[in-house]
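Student: coords-v5.csv is the file, holding CSV, C-alpha atoms and all ligand atoms:
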```csv
chain,number,residue,atom,x,y,z
A,64,MET,CA,-80.2,94.7,22.0
A,65,GLY,CA,-77.3,97.1,22.5
A,66,ARG,CA,-74.8,98.2,19.8
A,67,PRO,CA,-71.9,95.8,19.1
A,68,PRO,CA,-68.7,97.1,20.8
A,69,LEU,CA,-66.7,99.5,18.6
A,70,ARG,CA,-63.4,98.4,20.1
A,71,PRO,CA,-60.8,97.9,17.4
A,72,ALA,CA,-58.5,94.9,17.5
A,73,THR,CA,-54.8,95.6,17.8
A,74,ILE,CA,-52.9,95.8,14.6
A,75,ALA,CA,-49.2,95.3,13.6
A,76,THR,CA,-48.7,98.7,12.1
A,77,TRP,CA,-51.1,101.4,11.2
A,78,ASN,CA,-49.7,102.0,7.7
A,79,ARG,CA,-50.0,98.8,5.7
A,80,ASN,CA,-46.4,99.5,4.5
A,81,PRO,CA,-44.1,99.3,7.5
A,82,ALA,CA,-41.4,101.4,5.7
A,83,ASP,CA,-44.0,104.3,5.4
A,84,GLU,CA,-44.9,103.9,9.1
A,85,GLU,CA,-41.1,104.3,9.8
A,86,ALA,CA,-41.0,107.5,7.8
A,87,MET,CA,-44.1,109.1,9.4
A,88,GLY,CA,-42.3,110.4,12.5
A,89,ALA,CA,-39.8,112.5,10.5
A,90,ALA,CA,-42.6,113.9,8.4
A,91,HIS,CA,-44.6,114.9,11.5
A,92,ALA,CA,-41.8,116.4,13.5
A,93,PRO,CA,-42.2,120.0,12.3
A,94,ILE,CA,-45.9,119.8,13.1
A,95,TRP,CA,-45.2,118.3,16.6
A,96,ARG,CA,-42.8,121.2,17.2
A,97,ARG,CA,-45.4,123.7,16.4
A,98,MET,CA,-48.0,121.9,18.6
A,99,VAL,CA,-45.6,122.1,21.5
A,100,ASP,CA,-44.6,125.7,20.8
A,101,VAL,CA,-48.1,127.1,20.8
A,102,SER,CA,-49.7,124.9,23.5
A,103,VAL,CA,-47.2,123.9,26.2
A,104,PRO,CA,-46.5,126.0,29.3
A,105,HIS,CA,-42.8,126.1,29.8
A,106,ASP,CA,-42.3,124.0,32.9
A,107,LEU,CA,-43.6,120.5,32.8
A,108,SER,CA,-41.2,119.1,35.4
A,109,ALA,CA,-44.0,118.3,37.8
A,110,SER,CA,-46.5,117.2,35.1
A,111,THR,CA,-47.7,113.9,33.7
A,112,VAL,CA,-48.5,113.5,30.0
A,113,LEU,CA,-50.5,111.1,27.8
A,114,ASP,CA,-50.0,110.8,24.0
A,115,TYR,CA,-53.1,109.1,22.5
A,116,GLY,CA,-52.2,107.3,19.3
A,117,CYS,CA,-48.5,107.6,19.8
A,118,ASN,CA,-47.3,105.3,17.0
A,119,GLN,CA,-43.5,105.1,17.3
A,120,GLY,CA,-43.4,107.6,20.1
A,121,GLY,CA,-41.7,110.5,18.5
A,122,PHE,CA,-44.0,113.2,19.9
A,123,LEU,CA,-43.2,112.4,23.5
A,124,ARG,CA,-39.5,112.1,22.9
A,125,LEU,CA,-39.6,115.6,21.3
A,126,LEU,CA,-41.7,117.0,24.1
A,127,TYR,CA,-39.4,115.6,26.8
A,128,ASP,CA,-36.3,116.9,25.1
A,129,ASN,CA,-37.7,120.4,25.0
A,130,HIS,CA,-39.8,120.4,28.2
A,131,PRO,CA,-38.8,117.6,30.5
A,132,PHE,CA,-41.8,116.2,32.2
A,133,LYS,CA,-42.2,114.0,35.3
A,134,ALA,CA,-43.6,111.0,33.5
A,135,ALA,CA,-45.6,110.1,30.4
A,136,VAL,CA,-47.5,107.3,28.7
A,137,GLY,CA,-48.0,106.8,25.0
A,138,ILE,CA,-50.8,104.4,23.9
A,139,ASP,CA,-51.5,103.0,20.4
A,140,ILE,CA,-53.2,99.9,18.9
A,141,ALA,CA,-50.2,99.3,16.6
A,142,ARG,CA,-48.1,96.6,18.3
A,143,GLU,CA,-44.9,96.9,16.3
A,144,SER,CA,-45.0,100.7,16.5
A,145,VAL,CA,-45.3,100.6,20.2
A,146,ALA,CA,-42.5,98.1,20.5
A,147,ARG,CA,-40.3,100.4,18.4
A,148,ALA,CA,-41.3,103.4,20.6
A,149,GLU,CA,-40.1,101.4,23.7
A,150,LEU,CA,-36.8,100.7,22.0
A,151,LEU,CA,-36.3,104.3,21.0
A,152,LYS,CA,-37.2,106.0,24.3
A,153,GLY,CA,-33.7,105.8,25.8
A,154,HIS,CA,-33.5,107.2,29.4
A,155,ARG,CA,-36.7,109.2,29.1
A,156,PRO,CA,-39.5,108.5,31.8
A,157,ILE,CA,-42.0,107.2,29.3
A,158,GLN,CA,-44.0,104.0,29.0
A,159,TYR,CA,-45.5,103.0,25.7
A,160,ARG,CA,-48.4,100.6,25.8
A,161,VAL,CA,-50.7,98.8,23.4
A,162,ALA,CA,-54.2,100.1,24.3
A,163,ASP,CA,-57.0,102.1,22.8
A,164,GLN,CA,-58.8,103.1,26.1
A,165,ALA,CA,-56.8,105.5,28.2
A,166,ALA,CA,-58.9,104.7,31.2
A,167,THR,CA,-57.5,101.1,31.3
A,168,LEU,CA,-54.2,102.6,32.3
A,169,GLY,CA,-55.6,103.5,35.8
A,170,GLN,CA,-53.6,106.7,35.9
A,171,THR,CA,-54.4,110.4,35.7
A,172,PHE,CA,-52.6,113.0,33.7
A,173,ASP,CA,-52.1,116.8,33.7
A,174,PHE,CA,-51.9,117.0,29.9
A,175,ALA,CA,-53.0,114.8,27.0
A,176,PHE,CA,-52.1,115.1,23.3
A,177,SER,CA,-53.1,113.5,20.1
A,178,HIS,CA,-52.0,114.2,16.5
A,179,GLU,CA,-54.2,113.0,13.7
A,180,VAL,CA,-55.9,110.2,15.5
A,181,ILE,CA,-59.5,111.4,16.0
A,182,TYR,CA,-60.5,110.7,12.4
A,183,LEU,CA,-59.6,107.0,13.0
A,184,LEU,CA,-62.1,106.7,15.9
A,185,PRO,CA,-65.7,105.7,15.2
A,186,ASP,CA,-67.1,107.3,18.3
A,187,VAL,CA,-65.7,110.7,19.3
A,188,ALA,CA,-68.1,111.0,22.2
A,189,GLU,CA,-66.7,107.8,23.7
A,190,HIS,CA,-63.2,109.1,23.2
A,191,ALA,CA,-64.1,112.4,24.9
A,192,ARG,CA,-65.4,110.4,27.9
A,193,ASP,CA,-62.3,108.3,28.0
A,194,ILE,CA,-60.0,111.3,28.0
A,195,ARG,CA,-62.1,113.0,30.7
A,196,GLN,CA,-61.7,110.0,32.9
A,197,VAL,CA,-57.9,110.2,32.8
A,198,LEU,CA,-57.4,114.0,32.9
A,199,ARG,CA,-57.3,115.8,36.3
A,200,PRO,CA,-59.9,118.5,36.7
A,201,GLY,CA,-58.5,121.6,34.9
A,202,GLY,CA,-56.2,119.3,32.8
A,203,THR,CA,-55.8,120.0,29.1
A,204,TYR,CA,-56.1,117.8,26.0
A,205,ILE,CA,-54.5,119.2,22.8
A,206,ALA,CA,-55.7,117.4,19.7
A,207,ALA,CA,-54.4,118.2,16.2
A,208,MET,CA,-56.8,117.5,13.4
A,209,GLY,CA,-56.4,118.2,9.7
A,210,CYS,CA,-58.4,115.1,8.7
A,211,HIS,CA,-61.9,116.4,9.0
A,212,THR,CA,-64.9,117.0,6.7
A,213,ASP,CA,-64.4,120.8,6.8
A,214,SER,CA,-61.1,120.6,5.0
A,215,SER,CA,-61.5,121.1,1.3
A,216,LEU,CA,-58.8,118.4,0.8
A,217,TRP,CA,-60.7,115.8,2.7
A,218,PRO,CA,-62.5,114.0,-0.2
A,219,LEU,CA,-59.1,113.5,-1.8
A,220,TRP,CA,-57.3,112.6,1.3
A,221,ARG,CA,-60.0,110.2,2.5
A,222,LYS,CA,-59.3,108.1,-0.6
A,223,LEU,CA,-55.5,108.3,-0.4
A,224,ILE,CA,-55.4,107.5,3.3
A,225,ALA,CA,-57.8,104.6,2.9
A,226,GLU,CA,-55.3,103.0,0.6
A,227,THR,CA,-52.6,103.0,3.3
A,228,SER,CA,-54.5,102.7,6.6
A,229,SER,CA,-55.0,99.3,8.1
A,230,ILE,CA,-58.1,100.5,9.9
A,231,PRO,CA,-61.2,102.4,8.8
A,232,ILE,CA,-61.5,106.1,8.4
A,233,TYR,CA,-64.4,108.2,9.7
A,234,ASP,CA,-65.9,111.5,8.6
A,235,HIS,CA,-66.0,113.9,11.5
A,236,SER,CA,-66.7,117.6,11.2
A,237,LEU,CA,-65.1,120.2,13.5
A,238,GLU,CA,-68.6,120.8,14.9
A,239,ASP,CA,-69.0,117.0,15.7
A,240,VAL,CA,-65.8,117.0,17.6
A,241,SER,CA,-66.5,120.3,19.5
A,242,LYS,CA,-70.0,119.0,20.5
A,243,ALA,CA,-68.7,115.6,21.7
A,244,PHE,CA,-66.1,117.3,24.0
A,245,THR,CA,-68.6,120.0,25.2
A,246,ASP,CA,-71.1,117.3,26.1
A,247,ALA,CA,-68.4,115.3,27.9
A,248,GLY,CA,-67.7,118.3,30.2
A,249,PHE,CA,-64.8,120.1,28.5
A,250,GLY,CA,-64.3,123.8,27.7
A,251,VAL,CA,-63.5,123.8,24.0
A,252,ALA,CA,-61.2,126.2,22.2
A,253,VAL,CA,-59.6,125.9,18.7
A,254,ARG,CA,-56.9,127.6,16.7
A,255,PRO,CA,-55.3,127.0,13.3
A,256,LEU,CA,-52.0,125.1,13.5
A,257,SER,CA,-50.5,128.0,11.5
A,258,LEU,CA,-47.2,126.3,10.7
A,259,ASP,CA,-44.7,129.1,10.8
A,260,ALA,CA,-42.0,127.6,8.6
A,261,PHE,CA,-41.0,127.3,5.0
A,262,MET,CA,-42.6,124.1,3.6
A,263,GLN,CA,-40.8,122.1,1.0
A,264,VAL,CA,-42.9,122.4,-2.2
A,265,THR,CA,-43.8,119.0,-3.6
A,266,THR,CA,-45.0,119.9,-7.0
A,267,GLY,CA,-47.7,117.5,-8.2
A,268,SER,CA,-47.9,115.7,-4.9
A,269,ALA,CA,-51.0,113.5,-4.5
A,270,TYR,CA,-51.9,115.1,-1.2
A,271,PHE,CA,-51.3,118.7,-2.3
A,272,PRO,CA,-52.1,119.0,-6.0
A,273,LYS,CA,-51.5,122.8,-5.9
A,274,VAL,CA,-49.1,124.9,-3.8
A,275,THR,CA,-52.1,126.8,-2.5
A,276,ASP,CA,-53.6,123.5,-1.2
A,277,GLN,CA,-50.5,123.1,1.0
A,278,LEU,CA,-50.6,126.7,2.2
A,279,ARG,CA,-54.3,126.6,3.0
A,280,TYR,CA,-54.0,123.3,4.8
A,281,TYR,CA,-51.1,124.3,7.1
A,282,THR,CA,-52.5,127.7,7.8
A,283,THR,CA,-56.2,127.2,8.0
A,284,ASP,CA,-57.5,123.7,7.7
A,285,LYS,CA,-55.3,121.9,10.1
A,286,VAL,CA,-56.4,122.9,13.6
A,287,LEU,CA,-55.5,122.4,17.2
A,288,PHE,CA,-58.3,121.8,19.6
A,289,ARG,CA,-57.7,122.7,23.3
A,290,PHE,CA,-60.1,120.8,25.5
A,291,VAL,CA,-60.0,121.7,29.2
A,292,ARG,CA,-61.7,119.4,31.7
A,293,GLN,CA,-64.2,121.3,33.8
A,294,ARG,CA,-64.3,120.0,37.3
B,1,LIG,C1,-52.0,109.0,11.5
B,1,LIG,S1,-51.3,108.1,12.7
B,1,LIG,C2,-50.5,109.4,13.7
B,1,LIG,C3,-49.5,108.8,14.7
B,1,LIG,C4,-48.8,109.9,15.6
B,1,LIG,N1,-49.8,110.5,16.4
B,1,LIG,C5,-48.1,110.9,14.7
B,1,LIG,O1,-48.3,112.1,14.9
B,1,LIG,O2,-47.2,110.5,14.0
B,1,LIG,C6,-52.6,107.5,13.7
B,1,LIG,C7,-52.2,106.6,14.8
B,1,LIG,O3,-53.4,106.4,15.7
B,1,LIG,C8,-53.4,105.1,16.1
B,1,LIG,N2,-54.7,104.7,16.4
B,1,LIG,C9,-55.8,104.5,15.6
B,1,LIG,N3,-56.9,104.2,16.3
B,1,LIG,C10,-56.5,104.1,17.6
B,1,LIG,C11,-57.2,103.8,18.8
B,1,LIG,N4,-58.5,103.4,18.8
B,1,LIG,N5,-56.5,103.8,19.9
B,1,LIG,C12,-55.2,104.1,20.0
B,1,LIG,N6,-54.5,104.4,18.8
B,1,LIG,C13,-55.1,104.4,17.7
B,1,LIG,C14,-52.8,104.3,14.8
B,1,LIG,O4,-52.4,103.0,15.1
B,1,LIG,C15,-51.7,105.3,14.4
B,1,LIG,O5,-50.5,105.0,15.0
```
Could you quickly redo this structure as structure tokens?
Tutor:
Amino acid sequence: MGRPPLRPATIATWNRNPADEEAMGAAHAPIWRRMVDVSVPHDLSASTVLDYGCNQGGFLRLLYDNHPFKAAVGIDIARESVARAELLKGHRPIQYRVADQAATLGQTFDFAFSHEVIYLLPDVAEHARDIRQVLRPGGTYIAAMGCHTDSSLWPLWRKLIAETSSIPIYDHSLEDVSKAFTDAGFGVAVRPLSLDAFMQVTTGSAYFPKVTDQLRYYTTDKVLFRFVRQR
């Protein structure tokens, strides 16, 4: 008897509260900017790009507006968020699709990105194999991850996020993720996000009880993995 499939069903929105889903893009924009600044080579005009777990599509819009690419696809299991992404994309050469397996797109990409999606995946090894199938040899996957068991805020955040997420949350360590991608045939590198901006202090915030929590999270705990497909 094999394991039952881990495939999640599609959902309406990831956040149970659609208004909070709507607000997520604005909150993530400074982080997306930093991801792009530290990981994107300047000219993407001949490149194709995947955003895994794109939600309302803001990352690819920001990327295109700063580094125009040839074409991109954003996938997500949240139907209403993907529909919103399609509405918002304007003239940009982007397709947004409801999907959880990149390989079902039947396309290959030069670059892939994800921002805070891996902790929502039950099987990181399967995700690594999926991304490997769609990246060209030498292609790069940048995955941003602050939600992992090596963050000292994780026990707190796990509870808070579980109250808002419409799907389960998983406990992956940075080692688990590194191993899954190494085993799938990627060269694995990592760096801190190191947000280089003033951050609005939100005294007494549920997510950052102390100012030092916020500083440590954005300088140390939140990391960018760079996975490069070997042959
Ligand atoms: C925390 S949100 C981050 C969204 C977006 N990357 C951002 O930076 O704002 C996580 C997203 O991952 C999506 N997601 C979760 N599991 C997924 C899966 N198996 N396949 C595709 N998307 C998934 C959720 O629906 C949600 O939109």
Student: Give one line per residue of region 120-235 of chain A that approaches region 275-287 of chain A to at most 12 Å, naming the two atoms of the closest pair and their distance in Å to one decimal, counting all atoms listed in the file; sort by chain then ascending residue number and deliver it as a Markdown table.
Tutor:
```
| residue | atom | partner | partner_atom | distance |
| --- | --- | --- | --- | --- |
| A:Phe176 | CA | A:Leu287 | CA | 10.1 |
| A:Ser177 | CA | A:Leu287 | CA | 9.7 |
| A:His178 | CA | A:Leu287 | CA | 8.9 |
| A:Glu179 | CA | A:Lys285 | CA | 9.7 |
| A:Ile181 | CA | A:Leu287 | CA | 11.8 |
| A:Tyr204 | CA | A:Leu287 | CA | 9.9 |
| A:Ile205 | CA | A:Leu287 | CA | 6.5 |
| A:Ala206 | CA | A:Leu287 | CA | 5.6 |
| A:Ala207 | CA | A:Leu287 | CA | 4.5 |
| A:Met208 | CA | A:Val286 | CA | 5.4 |
| A:Gly209 | CA | A:Lys285 | CA | 3.9 |
| A:Cys210 | CA | A:Lys285 | CA | 7.6 |
| A:His211 | CA | A:Asp284 | CA | 8.6 |
| A:Thr212 | CA | A:Asp284 | CA | 10.0 |
| A:Asp213 | CA | A:Asp284 | CA | 7.5 |
| A:Ser214 | CA | A:Asp284 | CA | 5.5 |
| A:Ser215 | CA | A:Asp284 | CA | 8.0 |
| A:Leu216 | CA | A:Asp276 | CA | 7.6 |
| A:Trp217 | CA | A:Asp284 | CA | 9.9 |
| A:Leu219 | CA | A:Asp276 | CA | 11.4 |
| A:Trp220 | CA | A:Tyr280 | CA | 11.7 |
```
Student: Could the residues in this selection be written to a file with C-alpha atoms, as a CSV table (one decimal), keeping the file's coordinate frame?
Tutor:
```
chain,number,residue,atom,x,y,z
A,176,PHE,CA,-52.1,115.1,23.3
A,177,SER,CA,-53.1,113.5,20.1
A,178,HIS,CA,-52.0,114.2,16.5
A,179,GLU,CA,-54.2,113.0,13.7
A,181,ILE,CA,-59.5,111.4,16.0
A,204,TYR,CA,-56.1,117.8,26.0
A,205,ILE,CA,-54.5,119.2,22.8
A,206,ALA,CA,-55.7,117.4,19.7
A,207,ALA,CA,-54.4,118.2,16.2
A,208,MET,CA,-56.8,117.5,13.4
A,209,GLY,CA,-56.4,118.2,9.7
A,210,CYS,CA,-58.4,115.1,8.7
A,211,HIS,CA,-61.9,116.4,9.0
A,212,THR,CA,-64.9,117.0,6.7
A,213,ASP,CA,-64.4,120.8,6.8
A,214,SER,CA,-61.1,120.6,5.0
A,215,SER,CA,-61.5,121.1,1.3
A,216,LEU,CA,-58.8,118.4,0.8
A,217,TRP,CA,-60.7,115.8,2.7
A,219,LEU,CA,-59.1,113.5,-1.8
A,220,TRP,CA,-57.3,112.6,1.3
```
Student: Using Å and a single decimal, report how far CA of Thr227 (chain A) sits from CA of Glu149 (chain A).
Tutor: 24.0 Å
Student: Enumerate as a PyMOL selection string the residues within 7 Å of ligand LIG 1 (chain B), counting all atoms listed in the file.
Tutor: chain A and resi 71+76-77+87-88+91+115-118+122+138-141+162-164+177-180+183-184
Student: Contacts of Gln293 (chain A) at 6 Å or less, counting only C-alpha atoms, minus same-chain residues fewer than 4 places along, as number ranges by chain?
Tutor: A: 200-201, 248-249
Student: Would you put the residues from that selection into a file with C-alpha atoms, as a short mmCIF file (atom, residue, chain, number, x, y, z; two decimals), in the coordinates of the input?
Tutor:
```
data_model
loop_
_atom_site.label_atom_id
_atom_site.label_comp_id
_atom_site.auth_asym_id
_atom_site.auth_seq_id
_atom_site.Cartn_x
_atom_site.Cartn_y
_atom_site.Cartn_z
CA PRO A 200 -59.90 118.50 36.70
CA GLY A 201 -58.50 121.60 34.90
CA GLY A 248 -67.70 118.30 30.20
CA PHE A 249 -64.80 120.10 28.50
#
```
Student: What is the CA of Ser228 (chain A) to CA of Pro185 (chain A) distance in Å?
Tutor: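 Computed distance, CA of Ser228 (chain A) to CA of Pro185 (chain A), equals 14.4 Å.
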Student: Quote the spacing between CA of Lys133 (chain A) and CA of Phe174 (chain A) in Å to one decimal place.
Tutor: 11.5 Å
Student: Compile the contact shell of region 100-108 of chain A as an MDAnalysis selection string: residues with an atom at most 12 Å away, counting all atoms listed in the file, same-chain residues fewer than 6 positions apart removed.
Tutor: chainID A and resid 93:94 125:135 156 172:176 203:207 252:259 286:290
Student: Nearest to Ala75 (chain A): which of A:Lys222, A:Val240, A:Gly121, A:Ile230 is it, counting only C-alpha atoms?
Tutor: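 Of the candidates, the smallest distance to Ala75 (chain A) is held by A:Ile230.
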Student: What lies within 7 Å of Val197 (chain A) using all atoms listed in the file, ignoring chain neighbours under 3 positions off, as a PyMOL selection string?
Tutor: chain A and resi 165-166+170-172+193-194
Student: Go ahead and write the residues just picked, C-alpha atoms, as a compact mmCIF listing (two decimals), in the frame of the given file.
Tutor:
```
# COMPACT_ATOMS: atom_id res chain seq x y z
CA ALA A 165 -56.80 105.50 28.20
CA ALA A 166 -58.90 104.70 31.20
CA GLN A 170 -53.60 106.70 35.90
CA THR A 171 -54.40 110.40 35.70
CA PHE A 172 -52.60 113.00 33.70
CA ASP A 193 -62.30 108.30 28.00
CA ILE A 194 -60.00 111.30 28.00
```
Student: Measuring between only C-alpha atoms, which one of A:Ile157, A:His190, A:Leu151, A:Leu223 shows the shortest distance to Ala269 (chain A)?
Tutor: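 Looking only at the distances to Ala269 (chain A), the closest residue turns out to be A:Leu223.
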Student: Pick from A:Ala188, A:Tyr159, A:Pro218, A:Arg195: nearest to Ser241 (chain A), with only C-alpha atoms counted?
Tutor: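 Distance minimum relative to Ser241 (chain A) lands on A:Ala188.
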Student: Which residue gives the smallest distance to Pro231 (chain A) among A:Met98, A:Glu85, A:Tyr182, A:Asn80, with only C-alpha atoms counted?
Tutor: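 The answer is A:Tyr182, which sits nearest to Pro231 (chain A).
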Student: Counting only C-alpha atoms, which of A:Leu123, A:Leu168, A:Ser110, A:Asp234 gets nearest to Arg155 (chain A)?
Tutor: A:Leu123
Student: Restricting the calculation to only C-alpha atoms, which member of A:Leu150, A:Ala72, A:Leu198, A:Met262 is positioned closest to Arg294 (chain A)?
Tutor: A:Leu198
